Structures are given as structure tokens and as C-alpha cells.
$ cat protein.pdb   # PDB, C-alpha atoms and all ligand atoms
ATOM      1  CA  MET K   1     -18.263  26.763   4.843
ATOM      2  CA  ASP K   2     -18.629  30.436   3.993
ATOM      3  CA  SER K   3     -18.448  32.895   6.884
ATOM      4  CA  LYS K   4     -16.072  35.671   6.035
ATOM      5  CA  ASP K   5     -15.486  37.234   9.422
ATOM      6  CA  TYR K   6     -15.641  34.212  11.701
ATOM      7  CA  PHE K   7     -11.894  33.472  11.768
ATOM      8  CA  LYS K   8     -10.662  37.035  11.294
ATOM      9  CA  HIS K   9      -9.968  37.800  14.930
ATOM     10  CA  LYS K  10      -8.164  34.632  15.951
ATOM     11  CA  LYS K  11      -5.057  35.287  18.036
ATOM     12  CA  ARG K  12      -3.527  31.882  18.668
ATOM     13  CA  VAL K  13      -3.823  28.762  16.528
ATOM     14  CA  VAL K  14      -2.666  25.169  16.975
ATOM     15  CA  VAL K  15      -2.332  23.207  13.719
ATOM     16  CA  LYS K  16      -2.037  19.427  13.776
ATOM     17  CA  ILE K  17      -0.747  17.330  10.881
ATOM     18  CA  GLY K  18      -0.698  13.529  10.925
ATOM     19  CA  SER K  19       1.858  11.014   9.666
ATOM     20  CA  SER K  20      -0.281   9.926   6.721
ATOM     21  CA  SER K  21      -0.397  13.518   5.415
ATOM     22  CA  LEU K  22       3.370  13.995   5.607
ATOM     23  CA  HIS K  23       4.302  10.943   3.551
ATOM     24  CA  HIS K  24       3.903   9.732  -0.005
ATOM     25  CA  GLU K  25       1.489   6.839   0.168
ATOM     26  CA  ASN K  26       3.312   4.601  -2.331
ATOM     27  CA  THR K  27       6.842   4.898  -0.902
ATOM     28  CA  GLY K  28       6.312   6.006   2.696
ATOM     29  CA  LYS K  29       8.924   8.741   2.159
ATOM     30  CA  LEU K  30       8.450  12.344   3.257
ATOM     31  CA  ASN K  31       6.463  14.635   0.992
ATOM     32  CA  PHE K  32       8.848  17.612   0.889
ATOM     33  CA  THR K  33       6.580  19.712  -1.322
ATOM     34  CA  LYS K  34       3.786  19.472   1.211
ATOM     35  CA  ILE K  35       6.064  20.190   4.179
ATOM     36  CA  GLU K  36       7.506  23.196   2.352
ATOM     37  CA  ARG K  37       4.020  24.500   1.597
ATOM     38  CA  LEU K  38       2.963  23.896   5.194
ATOM     39  CA  ALA K  39       5.942  25.900   6.464
ATOM     40  CA  ARG K  40       5.062  28.761   4.124
ATOM     41  CA  GLU K  41       1.406  28.791   5.142
ATOM     42  CA  LEU K  42       2.261  28.760   8.864
ATOM     43  CA  CYS K  43       4.868  31.518   8.478
ATOM     44  CA  ASP K  44       2.333  33.620   6.644
ATOM     45  CA  ILE K  45      -0.235  33.154   9.426
ATOM     46  CA  ARG K  46       2.508  34.107  11.910
ATOM     47  CA  ASN K  47       3.245  37.206   9.804
ATOM     48  CA  GLN K  48      -0.374  38.268  10.300
ATOM     49  CA  GLY K  49       0.366  38.554  14.013
ATOM     50  CA  ILE K  50      -1.233  35.258  15.025
ATOM     51  CA  ASP K  51       0.645  32.922  17.407
ATOM     52  CA  VAL K  52       1.169  29.575  15.702
ATOM     53  CA  CYS K  53       1.937  26.160  17.151
ATOM     54  CA  LEU K  54       2.401  23.016  15.044
ATOM     55  CA  VAL K  55       1.686  19.542  16.381
ATOM     56  CA  SER K  56       3.368  17.089  14.041
ATOM     57  CA  SER K  57       3.349  13.308  14.016
ATOM     58  CA  GLY K  58       5.792  11.374  11.904
ATOM     59  CA  ALA K  59       8.630  10.497  14.286
ATOM     60  CA  ILE K  60       8.078   6.751  14.118
ATOM     61  CA  ALA K  61       7.282   6.697  10.390
ATOM     62  CA  VAL K  62      10.351   8.804   9.518
ATOM     63  CA  GLY K  63      12.588   6.681  11.769
ATOM     64  CA  ARG K  64      11.195   3.527  10.195
ATOM     65  CA  GLN K  65      12.236   4.790   6.780
ATOM     66  CA  ALA K  66      15.644   5.954   7.992
ATOM     67  CA  LEU K  67      16.382   2.574   9.545
ATOM     68  CA  GLY K  68      15.144   0.644   6.517
ATOM     69  CA  PHE K  69      12.054  -1.093   7.957
ATOM     70  CA  GLN K  70       9.609  -1.929   5.160
ATOM     71  CA  GLU K  71       6.543  -2.710   7.303
ATOM     72  CA  ARG K  72       5.064  -1.200  10.458
ATOM     73  CA  VAL K  73       7.330  -2.271  13.313
ATOM     74  CA  GLN K  74       5.689  -4.172  16.150
ATOM     75  CA  SER K  75       7.996  -4.188  19.164
ATOM     76  CA  ILE K  76       7.724  -1.235  21.517
ATOM     77  CA  ALA K  77      11.507  -0.926  21.844
ATOM     78  CA  THR K  78      11.929  -0.804  18.053
ATOM     79  CA  LYS K  79       9.173   1.819  17.798
ATOM     80  CA  GLN K  80      10.954   3.886  20.400
ATOM     81  CA  ALA K  81      14.262   3.538  18.583
ATOM     82  CA  CYS K  82      12.509   4.617  15.358
ATOM     83  CA  ALA K  83      11.009   7.608  17.171
ATOM     84  CA  ALA K  84      14.430   8.635  18.522
ATOM     85  CA  VAL K  85      15.948   8.650  15.030
ATOM     86  CA  GLY K  86      12.843   9.951  13.258
ATOM     87  CA  GLN K  87      12.052  12.861  15.591
ATOM     88  CA  ALA K  88      15.547  14.304  15.085
ATOM     89  CA  ARG K  89      15.302  13.889  11.321
ATOM     90  CA  LEU K  90      11.805  15.380  11.251
ATOM     91  CA  MET K  91      12.955  18.460  13.173
ATOM     92  CA  LEU K  92      15.958  18.854  10.873
ATOM     93  CA  THR K  93      13.568  18.877   7.917
ATOM     94  CA  TYR K  94      11.216  21.398   9.548
ATOM     95  CA  GLN K  95      14.085  23.630  10.635
ATOM     96  CA  LYS K  96      15.383  23.722   7.071
ATOM     97  CA  MET K  97      11.962  24.479   5.562
ATOM     98  CA  PHE K  98      11.079  27.188   8.102
ATOM     99  CA  ALA K  99      14.546  28.776   7.723
ATOM    100  CA  GLU K 100      13.530  29.629   4.115
ATOM    101  CA  TYR K 101      11.160  32.154   5.683
ATOM    102  CA  HIS K 102      13.545  33.248   8.483
ATOM    103  CA  GLN K 103      11.262  31.604  11.015
ATOM    104  CA  GLU K 104      12.647  30.036  14.193
ATOM    105  CA  VAL K 105      11.035  26.833  15.395
ATOM    106  CA  GLY K 106      11.448  25.017  18.717
ATOM    107  CA  GLN K 107      10.845  21.407  19.668
ATOM    108  CA  VAL K 108       8.489  20.567  22.531
ATOM    109  CA  LEU K 109       8.075  16.885  23.396
ATOM    110  CA  MET K 110       5.336  15.976  25.852
ATOM    111  CA  THR K 111       3.751  12.967  27.511
ATOM    112  CA  LYS K 112       0.387  12.609  29.209
ATOM    113  CA  GLY K 113       2.341  12.980  32.431
ATOM    114  CA  THR K 114       3.283  16.519  31.406
ATOM    115  CA  MET K 115      -0.390  17.410  31.442
ATOM    116  CA  GLN K 116      -1.275  15.492  34.622
ATOM    117  CA  ASP K 117       1.435  16.799  36.890
ATOM    118  CA  ASN K 118       0.696  20.342  38.058
ATOM    119  CA  VAL K 119       4.346  21.420  38.110
ATOM    120  CA  SER K 120       5.202  19.956  34.685
ATOM    121  CA  ARG K 121       2.042  21.402  33.167
ATOM    122  CA  LYS K 122       2.804  24.875  34.487
ATOM    123  CA  ASN K 123       6.419  24.589  33.274
ATOM    124  CA  ALA K 124       5.271  23.583  29.802
ATOM    125  CA  GLN K 125       2.752  26.429  29.768
ATOM    126  CA  ASN K 126       5.479  28.949  30.680
ATOM    127  CA  THR K 127       7.752  27.584  27.950
ATOM    128  CA  PHE K 128       5.020  27.893  25.317
ATOM    129  CA  GLU K 129       4.200  31.416  26.449
ATOM    130  CA  GLU K 130       7.848  32.443  26.186
ATOM    131  CA  LEU K 131       8.245  30.814  22.766
ATOM    132  CA  PHE K 132       5.231  32.769  21.477
ATOM    133  CA  ARG K 133       6.595  35.971  23.005
ATOM    134  CA  LEU K 134       9.866  35.377  21.162
ATOM    135  CA  GLY K 135       8.014  34.805  17.881
ATOM    136  CA  VAL K 136       9.010  31.137  17.700
ATOM    137  CA  ILE K 137       6.724  28.445  16.249
ATOM    138  CA  PRO K 138       6.753  25.502  18.690
ATOM    139  CA  ILE K 139       6.656  22.080  16.998
ATOM    140  CA  VAL K 140       5.117  19.532  19.349
ATOM    141  CA  ASN K 141       5.010  15.746  19.418
ATOM    142  CA  GLU K 142       4.557  13.054  21.992
ATOM    143  CA  ASN K 143       7.813  12.002  23.606
ATOM    144  CA  ASP K 144       7.550   8.546  22.076
ATOM    145  CA  THR K 145      11.085   7.482  23.032
ATOM    146  CA  VAL K 146      10.452   7.437  26.783
ATOM    147  CA  SER K 147       6.794   6.667  27.054
ATOM    148  CA  THR K 148       5.514   3.237  26.049
ATOM    149  CA  TYR K 149       2.032   4.198  27.169
ATOM    150  CA  GLU K 150       2.010   7.052  24.656
ATOM    151  CA  ILE K 151       3.012   4.780  21.810
ATOM    152  CA  ARG K 152       0.373   2.212  22.567
ATOM    153  CA  PHE K 153      -2.568   4.497  23.299
ATOM    154  CA  GLY K 154      -1.479   7.978  22.372
ATOM    155  CA  ASP K 155      -2.756   9.896  19.418
ATOM    156  CA  ASN K 156      -1.831  13.348  18.270
ATOM    157  CA  ASP K 157      -5.438  14.497  17.750
ATOM    158  CA  SER K 158      -5.993  14.490  21.517
ATOM    159  CA  LEU K 159      -2.477  15.791  22.156
ATOM    160  CA  SER K 160      -3.097  18.787  19.880
ATOM    161  CA  ALA K 161      -6.367  19.552  21.691
ATOM    162  CA  MET K 162      -4.589  19.362  25.047
ATOM    163  CA  VAL K 163      -1.931  21.724  23.728
ATOM    164  CA  ALA K 164      -4.672  24.081  22.507
ATOM    165  CA  ALA K 165      -6.225  23.987  26.006
ATOM    166  CA  LEU K 166      -2.841  24.487  27.678
ATOM    167  CA  VAL K 167      -1.821  27.524  25.627
ATOM    168  CA  GLY K 168      -5.319  29.070  25.563
ATOM    169  CA  ALA K 169      -5.577  28.847  21.770
ATOM    170  CA  ASP K 170      -8.779  30.141  20.178
ATOM    171  CA  LEU K 171      -8.507  27.822  17.172
ATOM    172  CA  LEU K 172      -7.380  24.237  16.612
ATOM    173  CA  ILE K 173      -7.010  22.993  13.034
ATOM    174  CA  LEU K 174      -6.723  19.262  12.344
ATOM    175  CA  LEU K 175      -5.178  18.653   8.929
ATOM    176  CA  SER K 176      -6.549  15.230   8.197
ATOM    177  CA  ASP K 177      -6.856  12.636   5.436
ATOM    178  CA  ILE K 178     -10.597  13.230   5.276
ATOM    179  CA  ASP K 179     -12.585  16.406   4.450
ATOM    180  CA  GLY K 180     -14.292  16.583   7.839
ATOM    181  CA  LEU K 181     -17.063  14.874   9.786
ATOM    182  CA  PHE K 182     -19.564  13.022   7.612
ATOM    183  CA  THR K 183     -23.046  11.737   8.390
ATOM    184  CA  ASP K 184     -21.683   8.230   7.611
ATOM    185  CA  ASP K 185     -18.389   6.664   6.490
ATOM    186  CA  PRO K 186     -17.813   8.263   3.041
ATOM    187  CA  HIS K 187     -15.528   5.375   1.969
ATOM    188  CA  LYS K 188     -18.468   2.996   2.261
ATOM    189  CA  ASN K 189     -21.547   5.130   1.768
ATOM    190  CA  PRO K 190     -21.651   7.406  -1.323
ATOM    191  CA  ASP K 191     -24.617   9.296   0.180
ATOM    192  CA  ALA K 192     -22.622  10.358   3.248
ATOM    193  CA  GLU K 193     -22.746  14.131   3.618
ATOM    194  CA  LEU K 194     -20.181  16.505   5.041
ATOM    195  CA  ILE K 195     -21.329  18.302   8.189
ATOM    196  CA  GLU K 196     -20.118  21.896   7.887
ATOM    197  CA  VAL K 197     -20.864  23.220  11.356
ATOM    198  CA  VAL K 198     -21.274  21.402  14.652
ATOM    199  CA  GLU K 199     -22.904  23.757  17.132
ATOM    200  CA  GLU K 200     -22.788  21.251  19.963
ATOM    201  CA  LEU K 201     -21.293  17.787  20.528
ATOM    202  CA  ASP K 202     -24.608  16.071  21.192
ATOM    203  CA  PRO K 203     -25.104  12.256  21.249
ATOM    204  CA  LYS K 204     -26.191  12.283  17.585
ATOM    205  CA  ILE K 205     -22.857  13.762  16.539
ATOM    206  CA  LEU K 206     -20.871  11.464  18.825
ATOM    207  CA  ALA K 207     -22.601   8.458  17.280
ATOM    208  CA  MET K 208     -21.172   9.436  13.895
ATOM    209  CA  ALA K 209     -17.650   8.679  15.067
ATOM    210  CA  LYS K 210     -16.210   5.960  12.926
ATOM    211  CA  SER K 211     -12.797   4.582  13.757
ATOM    212  CA  SER K 212     -11.523   4.462  10.214
ATOM    213  CA  THR K 213      -9.785   7.112   8.141
ATOM    214  CA  GLY K 214      -8.311   4.655   5.656
ATOM    215  CA  SER K 215      -4.789   5.598   6.713
ATOM    216  CA  ASP K 216      -2.201   2.997   7.657
ATOM    217  CA  VAL K 217       0.532   5.235   9.068
ATOM    218  CA  GLY K 218      -1.177   7.383  11.707
ATOM    219  CA  THR K 219      -3.133   6.374  14.769
ATOM    220  CA  GLY K 220      -6.098   8.769  14.672
ATOM    221  CA  GLY K 221      -9.611   8.024  13.440
ATOM    222  CA  MET K 222     -12.834  10.053  13.668
ATOM    223  CA  GLU K 223     -13.294   8.949  17.261
ATOM    224  CA  THR K 224     -10.025  10.569  18.378
ATOM    225  CA  LYS K 225     -11.023  13.680  16.429
ATOM    226  CA  LEU K 226     -14.278  13.939  18.349
ATOM    227  CA  THR K 227     -12.389  13.523  21.635
ATOM    228  CA  ALA K 228     -10.133  16.343  20.443
ATOM    229  CA  ALA K 229     -13.220  18.396  19.597
ATOM    230  CA  ARG K 230     -14.559  17.865  23.117
ATOM    231  CA  ILE K 231     -11.307  18.992  24.770
ATOM    232  CA  ALA K 232     -10.829  21.955  22.436
ATOM    233  CA  THR K 233     -14.391  23.305  22.479
ATOM    234  CA  LEU K 234     -14.835  22.963  26.259
ATOM    235  CA  SER K 235     -11.583  24.825  26.805
ATOM    236  CA  GLY K 236     -12.762  27.679  24.582
ATOM    237  CA  ALA K 237     -11.255  26.930  21.177
ATOM    238  CA  ASP K 238     -13.084  26.419  17.905
ATOM    239  CA  MET K 239     -11.909  23.310  16.110
ATOM    240  CA  VAL K 240     -11.776  22.728  12.371
ATOM    241  CA  ILE K 241     -11.176  19.476  10.472
ATOM    242  CA  VAL K 242      -9.998  19.896   6.888
ATOM    243  CA  ASN K 243      -8.262  17.720   4.320
ATOM    244  CA  ALA K 244      -4.459  18.002   4.271
ATOM    245  CA  GLU K 245      -4.316  17.117   0.591
ATOM    246  CA  ASP K 246      -3.714  20.792  -0.197
ATOM    247  CA  VAL K 247      -2.358  22.599   2.868
ATOM    248  CA  GLY K 248      -3.124  25.885   1.073
ATOM    249  CA  ILE K 249      -6.516  25.348   2.715
ATOM    250  CA  LEU K 250      -4.998  26.975   5.826
ATOM    251  CA  HIS K 251      -5.347  30.480   4.442
ATOM    252  CA  GLU K 252      -8.784  29.634   3.097
ATOM    253  CA  ILE K 253      -9.818  28.961   6.718
ATOM    254  CA  PHE K 254      -8.720  32.418   7.783
ATOM    255  CA  GLU K 255     -10.600  33.843   4.801
ATOM    256  CA  GLY K 256     -13.667  31.957   6.102
ATOM    257  CA  LYS K 257     -14.269  29.999   2.887
ATOM    258  CA  PHE K 258     -13.241  26.358   2.973
ATOM    259  CA  ARG K 259     -14.471  22.782   2.771
ATOM    260  CA  GLY K 260     -14.390  21.159   6.197
ATOM    261  CA  THR K 261     -16.148  20.867   9.546
ATOM    262  CA  LEU K 262     -16.196  23.607  12.185
ATOM    263  CA  PHE K 263     -16.882  22.620  15.800
ATOM    264  CA  LYS K 264     -17.932  25.741  17.669
ATOM    265  CA  GLU K 265     -16.376  26.473  21.045
ATOM    266  CA  HIS K 266     -18.391  25.960  24.235
ATOM    267  CA  TYR K 267     -16.199  27.307  26.985
ATOM    268  CA  ASP K 268     -16.869  25.576  30.291
ATOM    269  CA  GLU K 269     -15.090  27.055  33.285
ATOM    270  CA  ASP K 270     -15.377  23.737  35.147
ATOM    271  CA  PHE K 271     -13.532  21.829  32.448
ATOM    272  CA  TYR K 272     -10.145  20.871  33.816
ATOM    273  CA  ILE K 273      -7.761  19.049  31.504
ATOM    274  CA  ALA K 274      -5.883  17.062  34.193
ATOM    275  CA  ASP K 275      -9.203  15.668  35.527
ATOM    276  CA  PHE K 276     -10.287  14.779  32.004
ATOM    277  CA  ILE K 277      -7.116  12.715  31.412
ATOM    278  CA  GLU K 278      -7.443  11.059  34.827
ATOM    279  CA  GLU K 279     -11.048  10.087  34.072
ATOM    280  CA  ARG K 280     -10.131   8.472  30.740
ATOM    281  CA  MET K 281      -7.262   6.475  32.175
ATOM    282  CA  GLU K 282      -9.363   4.675  34.746
TER     283      GLU K 282
HETATM  284  N1  LIG K 301       3.641  10.438  18.003
HETATM  285  C1  LIG K 301       3.589   9.528  16.882
HETATM  286  C2  LIG K 301       4.726   9.806  15.900
HETATM  287  O1  LIG K 301       5.225  10.879  15.830
HETATM  288  C3  LIG K 301       2.318   9.622  16.091
HETATM  289  C4  LIG K 301       1.031   9.603  16.813
HETATM  290  C5  LIG K 301      -0.152   9.883  15.857
HETATM  291  O2  LIG K 301       0.022   9.778  14.628
HETATM  292  O3  LIG K 301      -1.225  10.237  16.311
HETATM  293  O4  LIG K 301       5.098   8.914  15.149
END

$ encode --input "protein.pdb" --output "C-alpha cells"
Amino acid sequence: MDSKDYFKHKKRVVVKIGSSSLHHENTGKLNFTKIERLARELCDIRNQGIDVCLVSSGAIAVGRQALGFQERVQSIATKQACAAVGQARLMLTYQKMFAEYHQEVGQVLMTKGTMQDNVSRKNAQNTFEELFRLGVIPIVNENDTVSTYEIRFGDNDSLSAMVAALVGADLLILLSDIDGLFTDDPHKNPDAELIEVVEELDPKILAMAKSSTGSDVGTGGMETKLTAARIATLSGADMVIVNAEDVGILHEIFEGKFRGTLFKEHYDEDFYIADFIEERME
């Protein structure tokens, strides 16, 4: 995509990174070089006067490693225990990396309930607003330790879009393990082409959702990304999917020259996030 001025005037960005992008595939251990680079990129965006929020997965995967589980754990209680250990370790890592650039970060853990309940939602919104005012980068995850529902059905693509809607972000960036939205599954079809710009989420685009990203640590596929796109664009934010292989792509986005898919915002004043969640839970 080449459109020099499109991203120039963004004021508030939510960046989401998934578990599979934070870990080395062969060992399942954290990729410190990538996390360090991510911290630097985000601090530099912040230094340009743009509010930044990071939505990071990885709690369960990091906890799994810390507690010595070799395979994906199955029991909900064990997953929650992993999340309790892993979330703390993940934040420790982020805090250390961001401290290199004298950047404060804050942890915000949410559940779907936070978004459904009017009082909780407003409280969360106020907290985010204050964190931005204080120049802090909030680091968000689902509160996996207390919410079994979140672990079983939750995904951080939708969570990041809900956060973008909540904080009134004008841009949501999904750092993924795929370059963007393709006309077909690129792992199976060599002729699949990358779609650079999605003007509108019409049925043709929705039909392209394939539930496979080839990752075995995260929970998001293309389907969850299109749900995220729906939430983000209707609440007034552009959404971009890019490959997290090189997180240096973040500044390329702001320069308007990058490989990925841009979903253009379609603000709808009748779109109400709590109703949307309610509808999908029926
Ligand atoms: N909240 C989960 C975790 O931190 C991950 C959910 C996801 O990858 O979408 O482990």
C-alpha cells in the first residue's frame, strides 16, 4: 500500500500482537529481540505525540513455559494458573523493555463483562483516558485468570477492536502471522492475492474469512480479524493487518508505505459495542 498522507494525522492507535508473534516457533520461548524492537517502535510513535495502547496476548503461553508444560494445556484451571504466572512475567518483560526508553506502561486486564456493564465500561474508559493523559502506554489483555468464558471463546483480535472502540482510537493495527487478507488461503493456494484496501466489509469480503493462520499458540484466525474489522471500522477506526515478522513495519504504516491490508473506517453512530457483544452471545 502506498498512500503517503493517509496515516499522518492519526492521534490514537491500538496495536495488537498475538502469542505466536511473541515466541520462537521451535522452542516456544519469548522472542526478546522482537519484544525489544516492538517497545522501541511504540515509544517512537508515542514520541510523535500519538497516544499508544498495546494489546498483548501471551499470558498462557508464557506461563506454560514458566511452569514447564511441553504441550498446550487442556484443563481450564491449569490454563488459568498458567495465565496468572505468565501475565506477571509478561508484564515484567515489557516493563523492562519499555524502561530502556524511559516509557511508563500500565497493565489493564479486561473481560467481556467489562464492556457489557455500563459502570465497568465507563470506569475502564476513564482509566484509559487518564493513562493517555499521563503519557503512559496501557498494555491490555483478557483477564484470563478469572474468566473461563474468555479462555474458551475469547480472542484478542476482537478484544483489541473493542478497546479501540472504547478509547475512540482512529487506528487499530493487528500484528499478525500473515501479511493481510488474501483472496484465498495463501498456505494452500499459490495464486491467492493480497487485498490491499477494503473499502467496505461486503459479503464478498466476509466470505474470504478462513479460520486458519497456521499458528498453534494463539486463538485468532482470519474470521476473528474480520470481526475485529467490523467493530473497529463501525466505531470510526481504520484497521490494518500486517505481518509481525518484522515489527519495524509499524513506522512504515505511519509513512504510508507497507505491505498489508487496510480496512477503511465506516463510522456508524448507531453502532453500540455493548449491544454487539450481547447479540453475539445469544
Ligand atoms: N488472552 C490469551 C493469552 O494471553 C490469548 C488470547 C489470544 O491469543 O487471542 O494467553

$ closest_residue --input "protein.pdb" --among "K:Gln107, K:Ser19, K:Thr227, K:Asn31" --to "Leu159 in chain K" --atoms "only C-alpha atoms"
K:Thr227

$ atom_distance --input "protein.pdb" --atom1 "CA of Leu67 in chain K" --atom2 "CA of Gly28 in chain K"
12.7 Å

$ residues_near_ligand --input "protein.pdb" --ligand "ligand LIG 301 (chain K)" --cutoff "6 Å" --atoms "only C-alpha atoms and all ligand atoms" --output "ChimeraX atom specification"
/K:18-19,57-61,141-142,144,155-156,218-220

$ residues_around --input "protein.pdb" --residues "range 177-182 of chain K" --least-positions-apart "6" --cutoff "9 Å" --atoms "only C-alpha atoms" --output "NGL selection string"
:K and (18 or 20-21 or 192-196 or 205 or 208-209 or 213-215 or 222 or 240-245 or 259-262)

$ write_last_selection --input "protein.pdb" --atoms "C-alpha atoms" --output "mmCIF file, in the frame of the given file"
data_model
loop_
_atom_site.group_PDB
_atom_site.id
_atom_site.type_symbol
_atom_site.label_atom_id
_atom_site.label_comp_id
_atom_site.auth_asym_id
_atom_site.auth_seq_id
_atom_site.Cartn_x
_atom_site.Cartn_y
_atom_site.Cartn_z
ATOM 1 C CA GLY K 18 -0.698 13.529 10.925
ATOM 2 C CA SER K 20 -0.281 9.926 6.721
ATOM 3 C CA SER K 21 -0.397 13.518 5.415
ATOM 4 C CA ALA K 192 -22.622 10.358 3.248
ATOM 5 C CA GLU K 193 -22.746 14.131 3.618
ATOM 6 C CA LEU K 194 -20.181 16.505 5.041
ATOM 7 C CA ILE K 195 -21.329 18.302 8.189
ATOM 8 C CA GLU K 196 -20.118 21.896 7.887
ATOM 9 C CA ILE K 205 -22.857 13.762 16.539
ATOM 10 C CA MET K 208 -21.172 9.436 13.895
ATOM 11 C CA ALA K 209 -17.650 8.679 15.067
ATOM 12 C CA THR K 213 -9.785 7.112 8.141
ATOM 13 C CA GLY K 214 -8.311 4.655 5.656
ATOM 14 C CA SER K 215 -4.789 5.598 6.713
ATOM 15 C CA MET K 222 -12.834 10.053 13.668
ATOM 16 C CA VAL K 240 -11.776 22.728 12.371
ATOM 17 C CA ILE K 241 -11.176 19.476 10.472
ATOM 18 C CA VAL K 242 -9.998 19.896 6.888
ATOM 19 C CA ASN K 243 -8.262 17.720 4.320
ATOM 20 C CA ALA K 244 -4.459 18.002 4.271
ATOM 21 C CA GLU K 245 -4.316 17.117 0.591
ATOM 22 C CA ARG K 259 -14.471 22.782 2.771
ATOM 23 C CA GLY K 260 -14.390 21.159 6.197
ATOM 24 C CA THR K 261 -16.148 20.867 9.546
ATOM 25 C CA LEU K 262 -16.196 23.607 12.185
#

$ resolve_selection --input "protein.pdb" --expression "the PyMOL selection byres (((chain K and resi 230) around 10) and not hetatm)" --output "list of chain:residue names"
K:Ser158, K:Ala161, K:Glu200, K:Leu201, K:Leu206, K:Thr224, K:Lys225, K:Leu226, K:Thr227, K:Ala228, K:Ala229, K:Ile231, K:Ala232, K:Thr233, K:Leu234, K:Ser235, K:Ala237, K:Met239, K:Phe263, K:Glu265, K:His266

$ residues_around --input "protein.pdb" --residues "Val62 in chain K" --least-positions-apart "5" --cutoff "9 Å" --atoms "only C-alpha atoms" --output "number ranges by chain"
K: 19, 23, 28-30, 67, 82-83, 85-87, 89-90

$ residues_around --input "protein.pdb" --residues "range 121-124 of chain K" --least-positions-apart "3" --cutoff "12 Å" --atoms "only C-alpha atoms" --output "PyMOL selection string"
chain K and resi 107-118+127-131+138+140+162-163+165-167+273-274

$ atom_distance --input "protein.pdb" --atom1 "CA of Glu255 in chain K" --atom2 "CA of Met1 in chain K"
10.4 Å

$ resolve_selection --input "protein.pdb" --expression "the PyMOL selection byres (((chain K and resi 42-54) around 7) and not hetatm)" --output "short mmCIF file (atom, residue, chain, number, x, y, z; two decimals) with C-alpha atoms, in the frame of the given file"
data_model
loop_
_atom_site.label_atom_id
_atom_site.label_comp_id
_atom_site.auth_asym_id
_atom_site.auth_seq_id
_atom_site.Cartn_x
_atom_site.Cartn_y
_atom_site.Cartn_z
CA LYS K 11 -5.06 35.29 18.04
CA ARG K 12 -3.53 31.88 18.67
CA VAL K 13 -3.82 28.76 16.53
CA VAL K 14 -2.67 25.17 16.98
CA VAL K 15 -2.33 23.21 13.72
CA LYS K 16 -2.04 19.43 13.78
CA LEU K 38 2.96 23.90 5.19
CA ALA K 39 5.94 25.90 6.46
CA ARG K 40 5.06 28.76 4.12
CA GLU K 41 1.41 28.79 5.14
CA VAL K 55 1.69 19.54 16.38
CA SER K 56 3.37 17.09 14.04
CA TYR K 101 11.16 32.15 5.68
CA GLN K 103 11.26 31.60 11.02
CA PHE K 132 5.23 32.77 21.48
CA ILE K 137 6.72 28.44 16.25
CA PRO K 138 6.75 25.50 18.69
CA ILE K 139 6.66 22.08 17.00
CA VAL K 140 5.12 19.53 19.35
#

$ atom_distance --input "protein.pdb" --atom1 "CA of Val247 in chain K" --atom2 "CA of Lys34 in chain K"
7.1 Å

$ closest_residue --input "protein.pdb" --among "K:Ile35, K:Lys204, K:Ser147, K:Asp246" --to "Ser176 in chain K" --atoms "only C-alpha atoms"
K:Asp246

$ closest_residue --input "protein.pdb" --among "K:Asn126, K:Leu174, K:Phe271, K:Val136" --to "Val105 in chain K" --atoms "all atoms listed in the file"
K:Val136
